[in-house]
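Text of query.txt, listed as compact mmCIF, C-alpha atoms:
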# COMPACT_ATOMS: atom_id res chain seq x y z
CA MET A 1 -83.63 -3.66 26.91
CA ARG A 2 -83.50 0.14 26.74
CA THR A 3 -86.08 2.16 28.65
CA ARG A 4 -87.70 4.69 26.34
CA ILE A 5 -88.17 8.28 27.50
CA LYS A 6 -91.15 10.56 26.90
CA PHE A 7 -91.15 14.23 27.93
CA CYS A 8 -94.70 15.54 28.15
CA GLY A 9 -96.39 18.93 28.42
CA LEU A 10 -93.83 20.96 26.50
CA THR A 11 -94.92 24.48 25.55
CA ARG A 12 -91.71 26.18 24.33
CA PRO A 13 -89.72 25.40 21.15
CA GLY A 14 -86.43 25.75 23.04
CA ASP A 15 -87.46 23.00 25.44
CA VAL A 16 -88.39 20.78 22.50
CA ARG A 17 -85.02 21.33 20.85
CA LEU A 18 -83.21 20.45 24.07
CA ALA A 19 -85.31 17.31 24.50
CA VAL A 20 -84.31 16.27 20.97
CA GLU A 21 -80.64 16.95 21.70
CA LEU A 22 -80.84 14.85 24.87
CA GLY A 23 -82.10 11.92 22.84
CA VAL A 24 -85.63 11.45 24.16
CA ASP A 25 -87.79 9.03 22.23
CA ALA A 26 -91.08 10.91 22.35
CA ILE A 27 -92.49 14.36 23.07
CA GLY A 28 -96.05 14.88 24.27
CA PHE A 29 -98.17 17.93 23.48
CA ILE A 30 -101.32 18.49 25.50
CA PHE A 31 -104.74 19.46 24.18
CA ALA A 32 -106.75 18.47 27.26
CA LYS A 33 -108.98 21.36 28.31
CA ARG A 34 -108.25 21.05 32.03
CA SER A 35 -104.48 21.04 31.73
CA LYS A 36 -102.26 24.00 32.64
CA ARG A 37 -100.02 22.88 29.78
CA ARG A 38 -102.72 22.96 27.12
CA LEU A 39 -101.51 24.39 23.82
CA GLU A 40 -103.09 27.25 21.94
CA GLU A 41 -103.35 27.10 18.16
CA GLU A 42 -100.68 29.76 17.63
CA GLN A 43 -98.09 27.70 19.54
CA ILE A 44 -98.35 24.52 17.50
CA GLU A 45 -96.38 25.39 14.37
CA GLY A 46 -93.26 26.52 16.23
CA LEU A 47 -93.32 23.49 18.50
CA ARG A 48 -93.78 21.08 15.61
CA GLN A 49 -90.93 22.60 13.66
CA ALA A 50 -88.61 22.13 16.65
CA CYS A 51 -89.21 18.36 16.63
CA SER A 52 -86.84 15.94 14.97
CA PRO A 53 -88.28 13.51 12.40
CA LEU A 54 -86.78 10.66 14.46
CA VAL A 55 -88.68 11.60 17.63
CA SER A 56 -92.27 10.43 18.09
CA VAL A 57 -94.79 13.26 18.43
CA ILE A 58 -97.72 12.41 20.70
CA ALA A 59 -100.93 14.42 21.05
CA LEU A 60 -102.66 14.08 24.42
CA PHE A 61 -106.41 14.45 25.00
CA MET A 62 -108.87 14.07 27.84
CA ASP A 63 -112.55 13.85 26.90
CA ASN A 64 -112.08 16.17 23.92
CA THR A 65 -114.68 16.01 21.15
CA GLY A 66 -113.96 14.22 17.91
CA VAL A 67 -113.85 17.57 16.14
CA GLU A 68 -111.20 18.85 18.58
CA VAL A 69 -109.08 15.73 18.18
CA SER A 70 -109.27 15.92 14.39
CA SER A 71 -108.34 19.60 14.42
CA ALA A 72 -105.30 18.92 16.59
CA ILE A 73 -104.22 16.10 14.29
CA ARG A 74 -104.36 18.43 11.29
CA SER A 75 -102.35 21.11 13.07
CA LEU A 76 -99.73 18.96 14.78
CA SER A 77 -99.45 15.86 12.56
CA PRO A 78 -98.73 13.53 15.50
CA GLY A 79 -97.71 9.93 14.99
CA ILE A 80 -99.47 8.69 18.12
CA LEU A 81 -102.51 9.77 20.16
CA GLN A 82 -102.86 9.51 23.94
CA PHE A 83 -106.19 9.50 25.75
CA HIS A 84 -106.65 10.22 29.47
CA GLY A 85 -110.41 10.40 29.87
CA ASN A 86 -113.51 8.26 29.46
CA GLU A 87 -112.98 7.70 25.74
CA ASN A 88 -113.90 4.18 24.64
CA ASP A 89 -111.92 1.93 22.33
CA THR A 90 -114.05 2.76 19.28
CA PHE A 91 -113.49 6.50 19.72
CA CYS A 92 -109.75 6.15 20.34
CA ARG A 93 -109.13 4.10 17.20
CA SER A 94 -111.48 6.08 14.95
CA PHE A 95 -108.75 8.58 13.97
CA GLY A 96 -106.61 6.03 12.15
CA LEU A 97 -103.52 6.48 14.35
CA PRO A 98 -102.02 4.21 17.02
CA PHE A 99 -103.04 5.24 20.50
CA ILE A 100 -101.93 4.98 24.11
CA LYS A 101 -104.61 4.74 26.79
CA SER A 102 -103.88 6.12 30.21
CA LEU A 103 -104.98 4.11 33.24
CA PRO A 104 -105.26 5.89 36.62
CA MET A 105 -103.53 3.99 39.41
CA GLY A 106 -104.48 6.29 42.29
CA GLU A 107 -107.13 5.79 44.95
CA GLY A 108 -110.37 4.36 43.56
CA ALA A 109 -108.83 3.06 40.35
CA LEU A 110 -110.07 -0.06 38.63
CA ASP A 111 -107.96 -3.18 38.45
CA PRO A 112 -105.63 -2.36 35.52
CA ILE A 113 -106.00 -5.87 34.07
CA GLN A 114 -109.76 -5.39 33.83
CA ALA A 115 -109.38 -1.85 32.49
CA ILE A 116 -107.01 -3.01 29.74
CA LYS A 117 -109.61 -5.45 28.43
CA ARG A 118 -111.77 -2.47 27.47
CA TYR A 119 -109.12 -1.22 25.03
CA PRO A 120 -108.10 -4.11 22.76
CA SER A 121 -106.96 -1.70 20.03
CA ALA A 122 -104.48 0.22 22.21
CA ALA A 123 -100.85 0.07 21.12
CA ALA A 124 -99.70 0.64 24.72
CA PHE A 125 -100.93 1.77 28.12
CA LEU A 126 -99.78 4.52 30.45
CA LEU A 127 -99.99 3.88 34.20
CA ASP A 128 -100.36 7.20 36.00
CA GLY A 129 -100.62 8.11 39.67
CA HIS A 130 -103.79 10.21 39.57
CA ARG A 131 -107.28 9.15 40.63
CA PRO A 132 -110.02 8.26 38.13
CA GLY A 133 -111.49 11.35 36.46
CA GLU A 134 -108.55 13.57 37.35
CA PRO A 135 -105.97 14.85 34.86
CA GLY A 136 -102.35 13.81 35.19
CA GLY A 137 -99.39 16.13 35.41
CA HIS A 138 -99.57 16.82 39.15
CA GLY A 139 -96.64 14.65 40.17
CA GLU A 140 -98.75 12.04 41.96
CA LYS A 141 -96.80 8.84 42.51
CA PHE A 142 -98.29 5.40 43.09
CA ASP A 143 -96.87 2.18 44.48
CA TRP A 144 -94.76 0.71 41.68
CA ASN A 145 -94.80 -2.68 43.40
CA ILE A 146 -98.46 -3.18 42.46
CA ILE A 147 -97.83 -3.04 38.70
CA PRO A 148 -99.23 -6.27 37.23
CA THR A 149 -97.81 -8.25 34.32
CA LEU A 150 -99.30 -6.65 31.22
CA SER A 151 -99.72 -8.11 27.75
CA LYS A 152 -98.74 -4.87 26.00
CA PRO A 153 -95.99 -2.27 26.51
CA PHE A 154 -96.63 0.24 29.25
CA PHE A 155 -95.42 3.73 30.07
CA LEU A 156 -94.81 4.54 33.73
CA ALA A 157 -95.84 8.04 34.83
CA GLY A 158 -96.80 9.98 37.92
CA GLY A 159 -94.37 11.66 40.29
CA LEU A 160 -91.22 10.71 38.40
CA THR A 161 -88.16 12.93 38.94
CA PRO A 162 -84.43 12.65 38.34
CA ALA A 163 -84.13 11.51 41.96
CA ASN A 164 -86.47 8.51 41.74
CA VAL A 165 -86.70 7.41 38.11
CA ALA A 166 -83.90 4.85 38.44
CA GLN A 167 -85.73 3.19 41.32
CA ALA A 168 -88.99 3.27 39.35
CA ILE A 169 -87.31 1.47 36.45
CA LYS A 170 -85.74 -1.11 38.76
CA ILE A 171 -89.07 -1.93 40.39
CA GLY A 172 -91.55 -1.46 37.56
CA ARG A 173 -89.52 -2.51 34.50
CA PRO A 174 -91.58 -0.30 32.17
CA TYR A 175 -91.23 -0.08 28.41
CA ALA A 176 -91.02 3.71 28.82
CA VAL A 177 -91.03 6.43 31.46
CA ASP A 178 -93.12 9.57 31.04
CA VAL A 179 -92.32 12.79 32.89
CA SER A 180 -93.82 16.28 32.98
CA SER A 181 -93.84 18.13 36.31
CA GLY A 182 -90.68 16.34 37.48
CA ILE A 183 -88.55 18.28 34.97
CA GLU A 184 -90.24 21.68 35.37
CA SER A 185 -89.68 24.96 37.14
CA ALA A 186 -93.37 25.83 36.57
CA PRO A 187 -96.23 24.14 34.68
CA GLY A 188 -95.21 23.94 31.02
CA ILE A 189 -91.80 25.51 31.67
CA LYS A 190 -89.12 22.84 31.55
CA ASP A 191 -85.85 23.07 33.46
CA GLY A 192 -82.87 22.20 31.27
CA GLU A 193 -80.76 20.83 34.10
CA LYS A 194 -83.56 18.58 35.33
CA MET A 195 -84.20 17.38 31.78
CA ALA A 196 -80.57 16.38 31.34
CA ARG A 197 -80.37 14.71 34.76
CA PHE A 198 -83.54 12.73 34.11
CA VAL A 199 -82.15 11.31 30.86
CA GLU A 200 -78.84 10.43 32.49
CA GLU A 201 -80.57 8.68 35.39
CA VAL A 202 -82.60 6.56 32.97
CA ARG A 203 -79.48 5.63 31.00
CA SER A 204 -77.64 4.81 34.21
CA ALA A 205 -80.51 2.58 35.40
CA ASP A 206 -80.40 0.69 32.12
CA ARG A 207 -76.66 0.18 32.34
CA ASN A 208 -76.84 -1.03 35.93
CA ALA A 209 -79.56 -3.50 35.07
CA TYR A 210 -77.01 -5.62 33.29
CA VAL A 211 -74.19 -5.34 35.85
Structure encoded using structure tokens:
Amino acid sequence: MRTRIKFCGLTRPGDVRLAVELGVDAIGFIFAKRSKRRLEEEQIEGLRQACSPLVSVIALFMDNTGVEVSSAIRSLSPGILQFHGNENDTFCRSFGLPFIKSLPMGEGALDPIQAIKRYPSAAAFLLDGHRPGEPGGHGEKFDWNIIPTLSKPFFLAGGLTPANVAQAIKIGRPYAVDVSSGIESAPGIKDGEKMARFVEEVRSADRNAYV
């Protein structure tokens, strides 16, 4: 099994092009109001044009209105939506696109098995290290040993870096890994060397899994 890779919070076309060249599976663009990586309307066209047609484009939201989500869909044409807030299953599926629902795994979080039951329409789940009600993207790691057996694919996020992603894969066995701050020099500004190292560490972890 190959671990998929998602780079999230990209804000510059050059970073998108490098991500594509490195062979990532998905690129996440953020529309959440509280994020330092939130995109402005004038950025979207250039970022979208830098994407490859073989890379999944994911639009990320956190308690945005339906009007805001629909507007972002028109501008970006994502293939998948990702929700990080208090959105319910009906809202998430109302846009006619597959969606990923983020589940906080930090202090005060609900049992993920119980939380998953609230989103029967989700295509996958994202386990992140932040606390309930807080946005992700701050590099907050959680204990990967507590990940339960899930009935759907899950993305592992929160505090991943080139230095620890191999260990995270070994322990958590996720469908995909999702990284933002761990490959940055500043919020929204990706570091090319870190991006390349992260991909190589994931590939190495996959190879070693079968040794």
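Interatomic distance, CA of Arg74 (chain A) against CA of Phe125 (chain A): 23.9 Å.
Interatomic distance, CA of Val199 (chain A) against CA of Pro174 (chain A): 15.0 Å.
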Which region 92-208 of chain A residues have any atom within 7 Å of an atom of region 22-45 of chain A, and for each, what is the nearest pair of atoms with distance in Å to one decimal, counting all atoms listed in the file, rows sorted by chain and number, as a tab-separated table?
residue	atom	partner	partner_atom	distance
A:Pro187	CA	A:Arg37	CA	6.3
A:Gly188	CA	A:Arg37	CA	5.1
A:Ala196	CA	A:Leu22	CA	6.7
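A straight line drawn from CA of Thr149 (chain A) to CA of Asn86 (chain A) is 23.3 Å long.
Across A:Leu10, A:Val55, A:Met1, A:Ile73, the tightest approach to Glu184 (chain A) is made by A:Leu10 when counting only C-alpha atoms.
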Which residues are near Lys190 (chain A)? Cut-off 9 Å, all atoms listed in the file, ignore same chain within fewer than 2 positions. Put them as an mmCIF file with C-alpha atoms, keeping the file's coordinate frame.
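Below is the file around-v6.cif, written as the result:
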data_model
loop_
_atom_site.group_PDB
_atom_site.id
_atom_site.type_symbol
_atom_site.label_atom_id
_atom_site.label_comp_id
_atom_site.auth_asym_id
_atom_site.auth_seq_id
_atom_site.Cartn_x
_atom_site.Cartn_y
_atom_site.Cartn_z
ATOM 1 C CA GLY A 9 -96.390 18.930 28.420
ATOM 2 C CA LEU A 10 -93.830 20.960 26.500
ATOM 3 C CA THR A 11 -94.920 24.480 25.550
ATOM 4 C CA ARG A 12 -91.710 26.180 24.330
ATOM 5 C CA ASP A 15 -87.460 23.000 25.440
ATOM 6 C CA SER A 180 -93.820 16.280 32.980
ATOM 7 C CA SER A 181 -93.840 18.130 36.310
ATOM 8 C CA GLY A 182 -90.680 16.340 37.480
ATOM 9 C CA ILE A 183 -88.550 18.280 34.970
ATOM 10 C CA GLU A 184 -90.240 21.680 35.370
ATOM 11 C CA SER A 185 -89.680 24.960 37.140
ATOM 12 C CA ALA A 186 -93.370 25.830 36.570
ATOM 13 C CA PRO A 187 -96.230 24.140 34.680
ATOM 14 C CA GLY A 188 -95.210 23.940 31.020
ATOM 15 C CA GLY A 192 -82.870 22.200 31.270
ATOM 16 C CA GLU A 193 -80.760 20.830 34.100
ATOM 17 C CA LYS A 194 -83.560 18.580 35.330
ATOM 18 C CA MET A 195 -84.200 17.380 31.780
#
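The neighbours of region 152-163 of chain A here are the residues that come within 7 Å of it, using all atoms listed in the file and leaving out any residue fewer than 2 positions away in the same chain; they are Ala124, Phe125, Leu126, Leu127, Asp128, Gly129, Gly139, Glu140, Lys141, Leu150, Val165, Pro174, Tyr175, Ala176, Val177, Asp178, Val179, Gly182, Ile183, Lys194, Arg197, Phe198 and Glu201 of chain A.
Compared by their closest atoms to Pro112 (chain A), and using all atoms listed in the file, the residues A:Ile80, A:Ala205, A:Ala50, A:Ile146 rank with A:Ile146 nearest.
Of the listed residues A:Val20, A:Ala166, A:Ile189, A:Ile113, the one whose atoms come nearest to Ala209 (chain A) is A:Ala166, with distances taken using only C-alpha atoms.
Considering the residues A:Lys6, A:Arg17, A:Phe83, A:Glu68 and counting all atoms listed in the file, Pro53 (chain A) has its shortest atom-to-atom contact with A:Arg17.
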- Residues within 12 Å of (-108.5, 13.7, 28.7), counting only C-alpha atoms, listed as JSON, numbers by chain: {"A": [30, 31, 32, 33, 34, 35, 38, 59, 60, 61, 62, 63, 64, 65, 68, 69, 81, 82, 83, 84, 85, 86, 87, 88, 92, 100, 101, 102, 103, 104, 132, 133, 134, 135, 136, 137]}
